[in-house]
>>> print(open('data_39.txt').read())   # compact mmCIF, C-alpha atoms
# COMPACT_ATOMS: atom_id res chain seq x y z
CA MET A 1 -12.21 -11.08 8.37
CA ALA A 2 -14.34 -7.93 8.69
CA GLU A 3 -18.09 -8.32 8.84
CA LEU A 4 -19.63 -7.88 5.39
CA VAL A 5 -22.64 -5.69 4.70
CA LYS A 6 -24.73 -5.00 1.63
CA GLU A 7 -24.49 -1.47 0.28
CA HIS A 8 -25.81 0.32 -2.77
CA SER A 9 -22.84 0.82 -5.04
CA HIS A 10 -24.24 1.61 -8.47
CA GLY A 11 -22.81 -1.82 -9.35
CA ALA A 12 -23.86 -5.45 -9.24
CA GLY A 13 -25.05 -5.86 -5.65
CA ALA A 14 -21.65 -5.19 -4.18
CA VAL A 15 -20.58 -6.46 -0.78
CA ILE A 16 -18.07 -4.29 1.04
CA PRO A 17 -16.42 -4.50 4.44
CA ALA A 18 -18.13 -2.74 7.31
CA ALA A 19 -14.75 -1.47 8.54
CA SER A 20 -13.33 1.85 7.37
CA ARG A 21 -10.99 1.92 4.38
CA ALA A 22 -8.59 3.67 6.74
CA ALA A 23 -8.26 0.43 8.70
CA GLN A 24 -6.83 -1.59 5.80
CA PHE A 25 -3.62 -3.32 6.87
CA ALA A 26 -0.32 -2.26 5.30
CA SER A 27 3.20 -3.62 5.71
CA PHE A 28 6.49 -4.04 3.84
CA ASP A 29 6.70 -7.60 5.24
CA VAL A 30 5.11 -10.09 2.87
CA ASP A 31 4.84 -12.67 5.66
CA ALA A 32 2.53 -10.32 7.55
CA PHE A 33 -0.15 -11.01 4.93
CA GLU A 34 -2.08 -14.23 4.61
CA VAL A 35 -2.20 -15.89 1.21
CA PRO A 36 -5.53 -14.75 -0.23
CA GLY A 37 -8.16 -17.32 -1.07
CA GLY A 38 -10.45 -15.12 -3.16
CA ARG A 39 -13.17 -14.43 -0.59
CA GLU A 40 -11.42 -11.36 0.85
CA GLU A 41 -12.95 -8.04 -0.20
CA ILE A 42 -9.83 -6.79 -1.98
CA TRP A 43 -9.46 -10.04 -3.95
CA ARG A 44 -13.03 -11.15 -4.61
CA PHE A 45 -13.06 -9.92 -8.22
CA THR A 46 -9.51 -11.01 -9.08
CA PRO A 47 -8.97 -14.39 -10.83
CA LEU A 48 -6.28 -15.66 -8.46
CA LYS A 49 -5.73 -18.87 -10.41
CA ARG A 50 -4.58 -16.78 -13.37
CA LEU A 51 -1.96 -14.82 -11.40
CA ARG A 52 0.71 -17.53 -11.77
CA GLY A 53 1.55 -17.52 -8.08
CA LEU A 54 2.14 -13.79 -7.62
CA HIS A 55 -0.21 -13.88 -4.62
CA SER A 56 1.29 -17.00 -3.04
CA GLY A 57 5.03 -16.40 -3.09
CA ALA A 58 6.16 -17.26 -6.61
CA VAL A 59 9.92 -16.86 -7.00
CA ALA A 60 11.27 -14.70 -9.82
CA ASP A 61 12.99 -16.56 -12.63
CA GLY A 62 13.43 -13.62 -14.96
CA ALA A 63 13.91 -9.86 -15.03
CA ALA A 64 12.10 -6.95 -16.63
CA SER A 65 14.09 -4.38 -18.59
CA VAL A 66 13.66 -0.70 -17.66
CA SER A 67 14.98 2.05 -19.92
CA VAL A 68 14.61 5.82 -19.48
CA ASP A 69 14.65 8.44 -22.23
CA ALA A 70 15.09 11.83 -20.57
CA GLY A 71 16.95 15.11 -20.93
CA ASP A 72 20.32 15.80 -19.35
CA GLU A 73 18.81 17.70 -16.40
CA VAL A 74 16.88 14.60 -15.29
CA VAL A 75 18.76 12.30 -12.91
CA VAL A 76 18.33 8.57 -13.57
CA GLU A 77 19.72 6.09 -11.04
CA THR A 78 19.72 2.34 -10.48
CA VAL A 79 19.74 1.80 -6.71
CA GLN A 80 19.64 -1.05 -4.21
CA ARG A 81 16.95 -1.85 -1.67
CA GLY A 82 18.77 0.01 1.12
CA ASP A 83 18.32 3.40 -0.55
CA SER A 84 16.48 5.54 2.03
CA ARG A 85 14.24 7.16 -0.59
CA LEU A 86 12.52 3.92 -1.52
CA GLY A 87 9.15 3.24 0.08
CA THR A 88 8.57 6.81 1.22
CA ALA A 89 5.49 7.35 -0.97
CA GLY A 90 3.46 4.55 0.59
CA THR A 91 3.40 1.14 2.22
CA PRO A 92 2.11 -1.99 0.44
CA ASP A 93 -1.45 -2.81 1.49
CA ASP A 94 -1.87 -6.16 -0.22
CA ARG A 95 0.22 -9.31 -0.40
CA ILE A 96 1.37 -8.96 -4.00
CA ALA A 97 2.63 -5.41 -3.40
CA ALA A 98 4.51 -6.64 -0.34
CA GLN A 99 5.88 -9.58 -2.34
CA ALA A 100 7.11 -7.19 -5.04
CA TRP A 101 8.76 -5.02 -2.39
CA SER A 102 10.46 -8.03 -0.83
CA SER A 103 11.58 -9.50 -4.15
CA PHE A 104 12.89 -6.74 -6.42
CA VAL A 105 16.66 -6.69 -7.02
CA ASP A 106 17.32 -3.19 -8.37
CA ALA A 107 15.10 -0.11 -8.36
CA THR A 108 15.03 2.72 -10.89
CA VAL A 109 14.82 6.25 -9.47
CA VAL A 110 14.08 9.17 -11.81
CA THR A 111 14.45 12.66 -10.31
CA VAL A 112 13.32 15.92 -11.87
CA PRO A 113 15.40 18.60 -10.09
CA LYS A 114 14.03 21.70 -8.39
CA GLU A 115 12.37 24.15 -10.81
CA ALA A 116 13.30 22.03 -13.84
CA ARG A 117 10.93 21.71 -16.81
CA PRO A 118 12.32 18.94 -19.01
CA ALA A 119 10.83 17.55 -22.20
CA THR A 120 8.63 14.47 -21.93
CA ILE A 121 10.30 11.64 -20.01
CA THR A 122 9.62 8.15 -21.38
CA ILE A 123 10.19 5.09 -19.20
CA THR A 124 9.85 1.79 -21.05
CA VAL A 125 9.30 -1.42 -19.09
CA ASP A 126 9.71 -4.64 -21.07
CA GLY A 127 8.35 -7.79 -19.47
CA PRO A 128 10.60 -10.72 -18.50
CA GLY A 129 9.47 -12.79 -21.47
CA GLU A 130 6.94 -15.52 -22.10
CA GLY A 131 6.87 -18.07 -19.28
CA LYS A 132 9.07 -15.90 -17.03
CA LEU A 133 8.20 -14.03 -13.82
CA ALA A 134 9.78 -10.88 -12.36
CA TYR A 135 9.33 -8.19 -9.71
CA GLY A 136 10.28 -4.54 -9.97
CA HIS A 137 10.32 -1.10 -8.35
CA LEU A 138 10.20 2.36 -9.92
CA GLN A 139 10.23 5.77 -8.29
CA VAL A 140 9.70 9.16 -9.99
CA ARG A 141 10.44 12.31 -7.97
CA ALA A 142 9.44 15.85 -8.93
CA GLU A 143 11.33 18.21 -6.66
CA GLN A 144 10.09 21.60 -5.47
CA PHE A 145 8.46 23.70 -8.25
CA ALA A 146 9.49 21.24 -10.97
CA GLU A 147 7.12 20.46 -13.86
CA ALA A 148 7.31 17.25 -15.87
CA VAL A 149 5.38 14.83 -18.07
CA VAL A 150 6.27 11.16 -17.61
CA VAL A 151 5.09 8.28 -19.81
CA VAL A 152 5.57 4.78 -18.37
CA ASP A 153 5.14 2.36 -21.27
CA HIS A 154 4.68 -1.33 -20.41
CA ARG A 155 5.11 -3.88 -23.19
CA GLY A 156 6.24 -7.42 -23.90
CA SER A 157 5.40 -10.79 -22.35
CA GLY A 158 5.58 -12.60 -19.04
CA THR A 159 4.39 -12.14 -15.46
CA TYR A 160 5.31 -8.96 -13.60
CA ALA A 161 4.47 -7.34 -10.27
CA ASP A 162 5.82 -4.02 -9.06
CA ASN A 163 5.44 -0.95 -6.89
CA VAL A 164 5.62 2.46 -8.53
CA GLU A 165 6.13 5.65 -6.52
CA PHE A 166 5.32 9.16 -7.73
CA ILE A 167 6.48 11.82 -5.27
CA VAL A 168 5.39 15.40 -5.99
CA ALA A 169 7.15 17.97 -3.81
CA ASP A 170 5.77 21.35 -2.69
CA GLY A 171 4.63 23.47 -5.61
CA ALA A 172 5.61 20.82 -8.19
CA ARG A 173 3.43 19.63 -11.06
CA LEU A 174 3.71 16.05 -12.35
CA THR A 175 1.73 14.53 -15.22
CA VAL A 176 1.93 10.74 -15.49
CA VAL A 177 0.57 8.45 -18.21
CA SER A 178 0.99 4.74 -17.46
CA VAL A 179 0.30 2.58 -20.52
CA GLN A 180 -0.33 -1.16 -20.21
CA ASP A 181 0.13 -2.33 -23.81
CA TRP A 182 1.21 -5.86 -22.97
CA ALA A 183 1.24 -8.92 -25.21
CA ASP A 184 -1.73 -11.27 -24.95
CA ASP A 185 0.01 -13.63 -22.49
CA ALA A 186 1.10 -11.01 -19.95
CA VAL A 187 -0.02 -10.79 -16.31
CA HIS A 188 0.70 -7.50 -14.53
CA VAL A 189 -0.16 -6.51 -10.95
CA SER A 190 0.97 -3.04 -9.90
CA SER A 191 0.51 -0.65 -6.97
CA HIS A 192 1.00 3.06 -7.65
CA HIS A 193 1.82 5.12 -4.56
CA ASN A 194 1.26 8.85 -5.21
CA LYS A 195 2.40 11.34 -2.55
CA LEU A 196 1.60 15.05 -2.85
CA GLY A 197 3.23 17.97 -1.06
CA ARG A 198 1.88 21.45 -0.31
CA ASP A 199 0.19 23.14 -3.31
CA SER A 200 1.38 20.37 -5.61
CA THR A 201 -0.48 19.00 -8.63
CA LEU A 202 -0.67 15.43 -9.95
CA ARG A 203 -2.34 14.36 -13.19
CA HIS A 204 -2.25 10.55 -13.17
CA THR A 205 -3.66 8.56 -16.11
CA THR A 206 -3.69 4.78 -16.62
CA ILE A 207 -4.37 3.22 -20.01
CA THR A 208 -4.91 -0.55 -20.23
CA ILE A 209 -5.28 -2.05 -23.69
CA GLY A 210 -3.22 -5.24 -23.54
CA GLY A 211 -2.47 -8.26 -21.37
CA GLU A 212 -4.30 -11.34 -20.12
CA VAL A 213 -4.77 -10.08 -16.54
CA VAL A 214 -3.91 -6.53 -15.46
CA ARG A 215 -4.66 -5.24 -11.96
CA LEU A 216 -3.68 -1.67 -11.04
CA SER A 217 -4.06 -0.07 -7.60
CA PRO A 218 -3.31 3.67 -7.62
CA THR A 219 -3.38 5.42 -4.22
CA VAL A 220 -3.13 9.15 -3.51
CA THR A 221 -2.01 10.62 -0.17
CA TYR A 222 -1.58 14.27 0.77
CA THR A 223 1.03 15.56 3.22
CA GLU A 224 0.13 19.27 3.22
CA ARG A 225 -2.65 21.66 2.25
CA GLY A 226 -3.38 22.60 -1.34
CA GLY A 227 -2.72 19.24 -3.03
CA ASP A 228 -4.65 18.68 -6.27
CA ALA A 229 -4.90 15.20 -7.80
CA GLU A 230 -6.68 14.14 -10.97
CA MET A 231 -6.84 10.39 -11.63
CA LEU A 232 -7.98 9.32 -15.07
CA GLY A 233 -8.30 5.84 -16.53
CA LEU A 234 -9.15 4.19 -19.83
CA TYR A 235 -9.42 0.45 -20.43
CA PHE A 236 -10.65 -1.72 -23.32
CA ALA A 237 -11.00 -5.46 -22.67
CA ASP A 238 -11.47 -8.21 -25.25
CA ALA A 239 -12.62 -11.81 -24.87
CA GLY A 240 -10.98 -13.52 -21.89
CA GLN A 241 -9.17 -10.45 -20.65
CA HIS A 242 -9.46 -9.29 -17.03
CA PHE A 243 -8.66 -5.62 -16.37
CA GLU A 244 -9.04 -4.38 -12.79
CA ASN A 245 -8.53 -0.88 -11.41
CA ARG A 246 -8.71 -0.12 -7.68
CA THR A 247 -8.27 3.56 -6.84
CA PHE A 248 -7.96 5.03 -3.35
CA VAL A 249 -7.77 8.74 -2.50
CA ASP A 250 -6.90 9.37 1.15
CA HIS A 251 -7.81 12.92 2.20
CA ALA A 252 -6.07 13.32 5.56
CA VAL A 253 -5.22 17.05 5.51
CA PRO A 254 -7.36 20.15 4.86
CA ASN A 255 -8.07 21.99 1.62
CA CYS A 256 -7.09 19.39 -0.97
CA LYS A 257 -8.83 18.35 -4.18
CA SER A 258 -9.30 15.11 -6.07
CA ASN A 259 -11.13 14.14 -9.23
CA VAL A 260 -11.35 10.53 -10.44
CA VAL A 261 -12.72 9.64 -13.90
CA TYR A 262 -12.35 6.10 -15.28
CA LYS A 263 -13.98 4.85 -18.49
CA GLY A 264 -13.95 1.34 -19.92
CA ALA A 265 -15.26 -0.60 -22.87
CA LEU A 266 -15.43 -4.37 -23.20
CA GLN A 267 -16.37 -6.90 -25.83
CA GLY A 268 -16.23 -10.64 -26.33
CA GLU A 269 -17.00 -13.74 -24.31
CA GLY A 270 -15.46 -13.63 -20.84
CA ALA A 271 -14.20 -10.06 -21.06
CA HIS A 272 -14.28 -8.71 -17.49
CA THR A 273 -13.48 -5.26 -16.15
CA VAL A 274 -13.50 -4.12 -12.53
CA TRP A 275 -13.33 -0.64 -11.08
CA ILE A 276 -13.31 -0.10 -7.32
CA GLY A 277 -13.11 3.56 -6.33
CA ASP A 278 -12.50 4.45 -2.68
CA VAL A 279 -12.37 8.00 -1.35
CA LEU A 280 -11.80 8.64 2.36
CA ILE A 281 -12.22 12.09 3.88
CA ARG A 282 -10.78 11.96 7.38
CA ALA A 283 -11.93 14.12 10.26
CA ALA A 284 -9.00 16.53 9.85
CA ALA A 285 -9.58 17.04 6.11
CA GLU A 286 -11.82 20.09 6.25
CA GLY A 287 -12.35 21.96 2.99
CA THR A 288 -11.94 18.83 0.85
CA GLU A 289 -13.36 18.86 -2.67
CA THR A 290 -13.68 15.47 -4.35
CA PHE A 291 -15.65 13.58 -6.98
CA GLU A 292 -15.31 10.14 -8.62
CA LEU A 293 -16.93 8.80 -11.76
CA ASN A 294 -16.87 5.46 -13.57
CA ARG A 295 -18.56 4.67 -16.89
CA ASN A 296 -18.52 1.33 -18.72
CA LEU A 297 -19.68 0.55 -22.25
CA VAL A 298 -20.56 -3.11 -22.89
CA LEU A 299 -20.28 -3.73 -26.63
CA THR A 300 -21.24 -7.43 -26.91
CA ASP A 301 -22.94 -10.23 -25.03
CA GLY A 302 -20.78 -12.34 -22.73
CA ALA A 303 -18.87 -9.40 -21.24
CA ARG A 304 -19.16 -8.17 -17.64
CA ALA A 305 -18.26 -4.92 -15.91
CA ASP A 306 -18.23 -4.49 -12.12
CA SER A 307 -18.20 -0.95 -10.73
CA VAL A 308 -18.15 -0.07 -7.03
CA PRO A 309 -17.69 3.56 -5.89
CA ASN A 310 -17.22 4.06 -2.15
CA LEU A 311 -17.19 7.46 -0.42
CA GLU A 312 -16.46 7.70 3.30
CA ILE A 313 -16.76 11.09 5.04
CA GLU A 314 -15.70 11.72 8.63
CA THR A 315 -16.28 15.49 8.68
CA GLY A 316 -19.14 17.71 7.53
CA GLU A 317 -16.86 20.69 6.87
CA ILE A 318 -16.10 19.97 3.21
CA ALA A 319 -16.37 21.95 -0.02
CA GLY A 320 -18.06 19.10 -1.88
CA ALA A 321 -18.04 15.35 -2.44
CA GLY A 322 -19.85 12.91 -4.69
CA HIS A 323 -19.62 9.82 -6.86
CA ALA A 324 -21.38 8.24 -9.82
CA SER A 325 -21.18 5.01 -11.77
CA ALA A 326 -23.02 3.52 -14.75
CA THR A 327 -22.69 0.48 -16.99
CA GLY A 328 -24.69 -0.02 -20.17
CA ARG A 329 -24.78 -0.75 -23.88
CA PHE A 330 -24.78 1.69 -26.78
CA ASP A 331 -27.05 4.68 -26.41
CA ASP A 332 -29.82 3.93 -28.91
CA GLU A 333 -30.65 7.62 -29.23
CA GLN A 334 -27.09 8.46 -30.23
CA LEU A 335 -27.04 5.66 -32.81
CA PHE A 336 -30.42 6.73 -34.20
CA TYR A 337 -29.28 10.36 -34.43
CA LEU A 338 -26.18 9.40 -36.42
CA GLN A 339 -27.95 6.90 -38.66
CA ALA A 340 -30.72 9.40 -39.38
CA ARG A 341 -28.03 11.60 -40.91
CA GLY A 342 -26.90 8.91 -43.31
CA ILE A 343 -24.06 7.40 -41.27
CA PRO A 344 -23.94 3.57 -41.57
CA GLU A 345 -24.54 1.66 -38.34
CA GLU A 346 -20.99 0.25 -38.14
CA GLN A 347 -19.45 3.69 -38.49
CA ALA A 348 -21.98 5.17 -36.08
CA ARG A 349 -21.00 2.66 -33.41
CA ARG A 350 -17.34 3.57 -33.81
CA LEU A 351 -18.15 7.25 -33.50
CA VAL A 352 -20.02 6.58 -30.25
CA VAL A 353 -17.03 4.72 -28.78
CA ARG A 354 -14.64 7.47 -29.88
CA GLY A 355 -16.85 10.05 -28.23
CA PHE A 356 -17.09 7.92 -25.09
CA PHE A 357 -13.29 7.90 -24.67
CA HIS A 358 -12.68 11.45 -25.90
CA GLU A 359 -12.79 12.98 -22.40
CA ILE A 360 -9.80 10.87 -21.38
CA LEU A 361 -7.78 10.90 -24.60
CA VAL A 362 -7.98 14.67 -25.09
CA LYS A 363 -6.15 15.19 -21.80
CA ILE A 364 -3.11 13.19 -22.91
CA GLY A 365 -0.73 15.99 -23.81
CA VAL A 366 1.69 13.82 -25.81
CA PRO A 367 0.38 13.87 -29.41
CA GLU A 368 2.19 10.78 -30.67
CA LEU A 369 0.97 8.75 -27.68
CA ARG A 370 -2.59 9.95 -28.09
CA GLU A 371 -2.54 8.99 -31.78
CA ARG A 372 -1.16 5.56 -30.92
CA LEU A 373 -3.94 4.95 -28.39
CA GLU A 374 -6.63 6.13 -30.79
CA ALA A 375 -5.29 3.68 -33.38
CA ALA A 376 -5.30 0.88 -30.80
CA ILE A 377 -8.96 1.55 -29.99
CA GLU A 378 -9.82 1.48 -33.68
CA ALA A 379 -8.05 -1.87 -34.00
CA GLU A 380 -10.06 -3.24 -31.07
CA LEU A 381 -13.31 -2.25 -32.73
CA GLU A 382 -12.30 -3.71 -36.09
CA ALA A 383 -11.51 -7.05 -34.41
CA VAL A 384 -15.20 -7.80 -33.95
CA GLY A 385 -16.56 -5.69 -36.75
CA ALA A 386 -18.21 -3.24 -34.38
>>> encode(input="data_39.txt", output="structure tokens")
Amino acid sequence: MAELVKEHSHGAGAVIPAASRAAQFASFDVDAFEVPGGREEIWRFTPLKRLRGLHSGAVADGAASVSVDAGDEVVVETVQRGDSRLGTAGTPDDRIAAQAWSSFVDATVVTVPKEARPATITITVDGPGEGKLAYGHLQVRAEQFAEAVVVVDHRGSGTYADNVEFIVADGARLTVVSVQDWADDAVHVSSHHNKLGRDSTLRHTTITIGGEVVRLSPTVTYTERGGDAEMLGLYFADAGQHFENRTFVDHAVPNCKSNVVYKGALQGEGAHTVWIGDVLIRAAAEGTETFELNRNLVLTDGARADSVPNLEIETGEIAGAGHASATGRFDDEQLFYLQARGIPEEQARRLVVRGFFHEILVKIGVPELRERLEAAIEAELEAVGA
């Protein structure tokens, strides 16, 4: 295990490994990883006992259902493990991702052809069912100069782990919204591998509003100059829920951009959210421009938010880099301002939460999805009479 050192992280006295994020082990072989015990840096926030064996080799006894709603120009395939396209966006860097890679039966590949601009593509993933466990694999490819919006909608019950690949070719533009709207019993652990080509653009948003335990690990890698990635996240945890987001942006080539903004709210006894944001600017990545931000709004007693931004820079020849993180309760000044204008306290609190999430929701370019998420947030607030 790497030596641990204390570092200021804008969070709760975080302890991070002294080794570079670049040194994190990765492999497609699940047996190359030790079974985590909870003291490892990448697992120390995760409630391993609630993962139902995903981290220790649990065997699938069910299957998730994947359906794709797309136009005729979009190619949808069900492929086997031997397909040479699979795994090209990234290599698993934790044991559950490697287990999912080793255990999936069929993979779904969705390809947006060169220069195509289809209507919104909706991919629906239904869990294996209550008491069942499954592994999966999904790949979305935007070929050269294509433009597409993809919604990946997770719902249903059960335990599910998967790898998701988003490959954005040269000059392509891909907008992804991954929604975790699971039933209360669901456990979901997912690694998103995002690979950007020359002058390509990725807008990647994760929304987590359902499930018992949800852990998402989105990673961005650049293969050529001019890549531009925006990673947005919204999560709202209730009593007993554990929502964890671990982002990693790997700047390894020059003149690329990244912007990470994650916002979360939590309420109820035992509600726990985690955001770990890693950005690595390697020595060759001159001209990099990057920033990461995490904000958490704690609505009741008994809830806990952990936030750890990490920025590692190996070259001084960059355009700009920074990070920020904050966790707190309602802004008393905002509440006072609204109440002074005759707005009841309950309504004022709701307005503050809406405003808090507005920056994320306004960027979701699918109106019906945005309305659904706004309604879900309202329902969360009504549950405790906020």
>>> residues_near_point(input="data_39.txt", point="(-20.9, -11.5, -24.2)", cutoff="6 Å", atoms="all atoms listed in the file", output="ChimeraX atom specification")
/A:268-269,300-303
>>> closest_residue(input="data_39.txt", among="A:Lys263, A:Lys257, A:His272, A:Arg203", to="Ala239 (chain A)", atoms="only C-alpha atoms")
A:His272
>>> residues_around(input="data_39.txt", residues="region 275-280 of chain A", least_positions_apart="3", cutoff="10 Å", atoms="all atoms listed in the file", output="PyMOL selection string")
chain A and resi 9+11+20-22+42+45+215-220+233+243-252+258+260-264+283+285+290-296+305-314+321-323+325
>>> residues_around(input="data_39.txt", residues="Phe166 (chain A)", least_positions_apart="2", cutoff="8 Å", atoms="all atoms listed in the file", output="VMD selection string")
chain A and resid 89 139 to 142 164 168 192 to 195
>>> closest_residue(input="data_39.txt", among="A:Ala326, A:Ile377, A:Arg50, A:Ala97", to="Gly355 (chain A)", atoms="only C-alpha atoms")
A:Ile377
>>> atom_distance(input="data_39.txt", atom1="CA of Asn163 (chain A)", atom2="CA of Asp126 (chain A)")
15.3 Å
>>> closest_residue(input="data_39.txt", among="A:Val352, A:Val253, A:Val187, A:Ala376", to="Thr46 (chain A)", atoms="only C-alpha atoms")
A:Val187
>>> decode(input="data_39.txt", residues="region 157-221 of chain A", atoms="C-alpha atoms", output="CSV table (one decimal), in the first residue's frame")
chain,number,residue,atom,x,y,z
A,157,SER,CA,-34.1,-3.3,-8.9
A,158,GLY,CA,-31.2,-5.6,-8.1
A,159,THR,CA,-27.4,-5.4,-8.0
A,160,TYR,CA,-25.5,-4.3,-11.1
A,161,ALA,CA,-21.9,-3.5,-12.1
A,162,ASP,CA,-20.8,-2.5,-15.5
A,163,ASN,CA,-18.3,-0.7,-17.7
A,164,VAL,CA,-19.5,2.0,-20.1
A,165,GLU,CA,-17.4,3.4,-22.9
A,166,PHE,CA,-17.9,6.7,-24.7
A,167,ILE,CA,-15.6,7.1,-27.7
A,168,VAL,CA,-15.6,10.5,-29.4
A,169,ALA,CA,-13.7,10.5,-32.7
A,170,ASP,CA,-11.9,13.5,-34.3
A,171,GLY,CA,-14.1,16.5,-34.7
A,172,ALA,CA,-17.2,14.7,-33.2
A,173,ARG,CA,-19.4,16.1,-30.5
A,174,LEU,CA,-21.1,13.8,-28.0
A,175,THR,CA,-23.5,14.8,-25.2
A,176,VAL,CA,-24.3,12.1,-22.6
A,177,VAL,CA,-26.7,12.2,-19.7
A,178,SER,CA,-26.5,9.1,-17.5
A,179,VAL,CA,-29.5,8.9,-15.1
A,180,GLN,CA,-29.5,6.6,-12.0
A,181,ASP,CA,-33.2,6.5,-11.1
A,182,TRP,CA,-33.0,3.1,-9.4
A,183,ALA,CA,-35.5,1.5,-7.0
A,184,ASP,CA,-34.7,1.8,-3.3
A,185,ASP,CA,-33.1,-1.6,-3.1
A,186,ALA,CA,-30.7,-1.2,-6.0
A,187,VAL,CA,-26.9,-1.3,-5.8
A,188,HIS,CA,-25.0,0.0,-8.9
A,189,VAL,CA,-21.2,0.3,-9.4
A,190,SER,CA,-20.2,1.7,-12.8
A,191,SER,CA,-17.0,2.9,-14.5
A,192,HIS,CA,-17.3,5.3,-17.4
A,193,HIS,CA,-14.4,5.3,-19.8
A,194,ASN,CA,-14.4,8.5,-22.0
A,195,LYS,CA,-11.9,8.7,-24.8
A,196,LEU,CA,-11.6,11.9,-26.9
A,197,GLY,CA,-10.0,12.4,-30.3
A,198,ARG,CA,-8.5,15.5,-31.9
A,199,ASP,CA,-10.8,18.6,-31.6
A,200,SER,CA,-13.6,16.5,-30.2
A,201,THR,CA,-16.1,17.6,-27.6
A,202,LEU,CA,-17.7,15.6,-24.8
A,203,ARG,CA,-20.5,16.9,-22.5
A,204,HIS,CA,-20.9,14.1,-19.8
A,205,THR,CA,-23.6,14.5,-17.1
A,206,THR,CA,-24.5,12.0,-14.3
A,207,ILE,CA,-27.7,12.3,-12.4
A,208,THR,CA,-28.2,10.1,-9.3
A,209,ILE,CA,-31.5,10.3,-7.6
A,210,GLY,CA,-32.3,6.6,-6.7
A,211,GLY,CA,-30.8,3.4,-5.4
A,212,GLU,CA,-29.4,2.2,-2.0
A,213,VAL,CA,-25.7,2.4,-3.0
A,214,VAL,CA,-24.5,4.0,-6.3
A,215,ARG,CA,-20.8,4.5,-7.1
A,216,LEU,CA,-19.8,6.0,-10.4
A,217,SER,CA,-16.3,6.5,-11.7
A,218,PRO,CA,-16.1,8.6,-14.8
A,219,THR,CA,-12.6,8.9,-16.4
A,220,VAL,CA,-11.6,11.2,-19.3
A,221,THR,CA,-8.6,10.5,-21.5
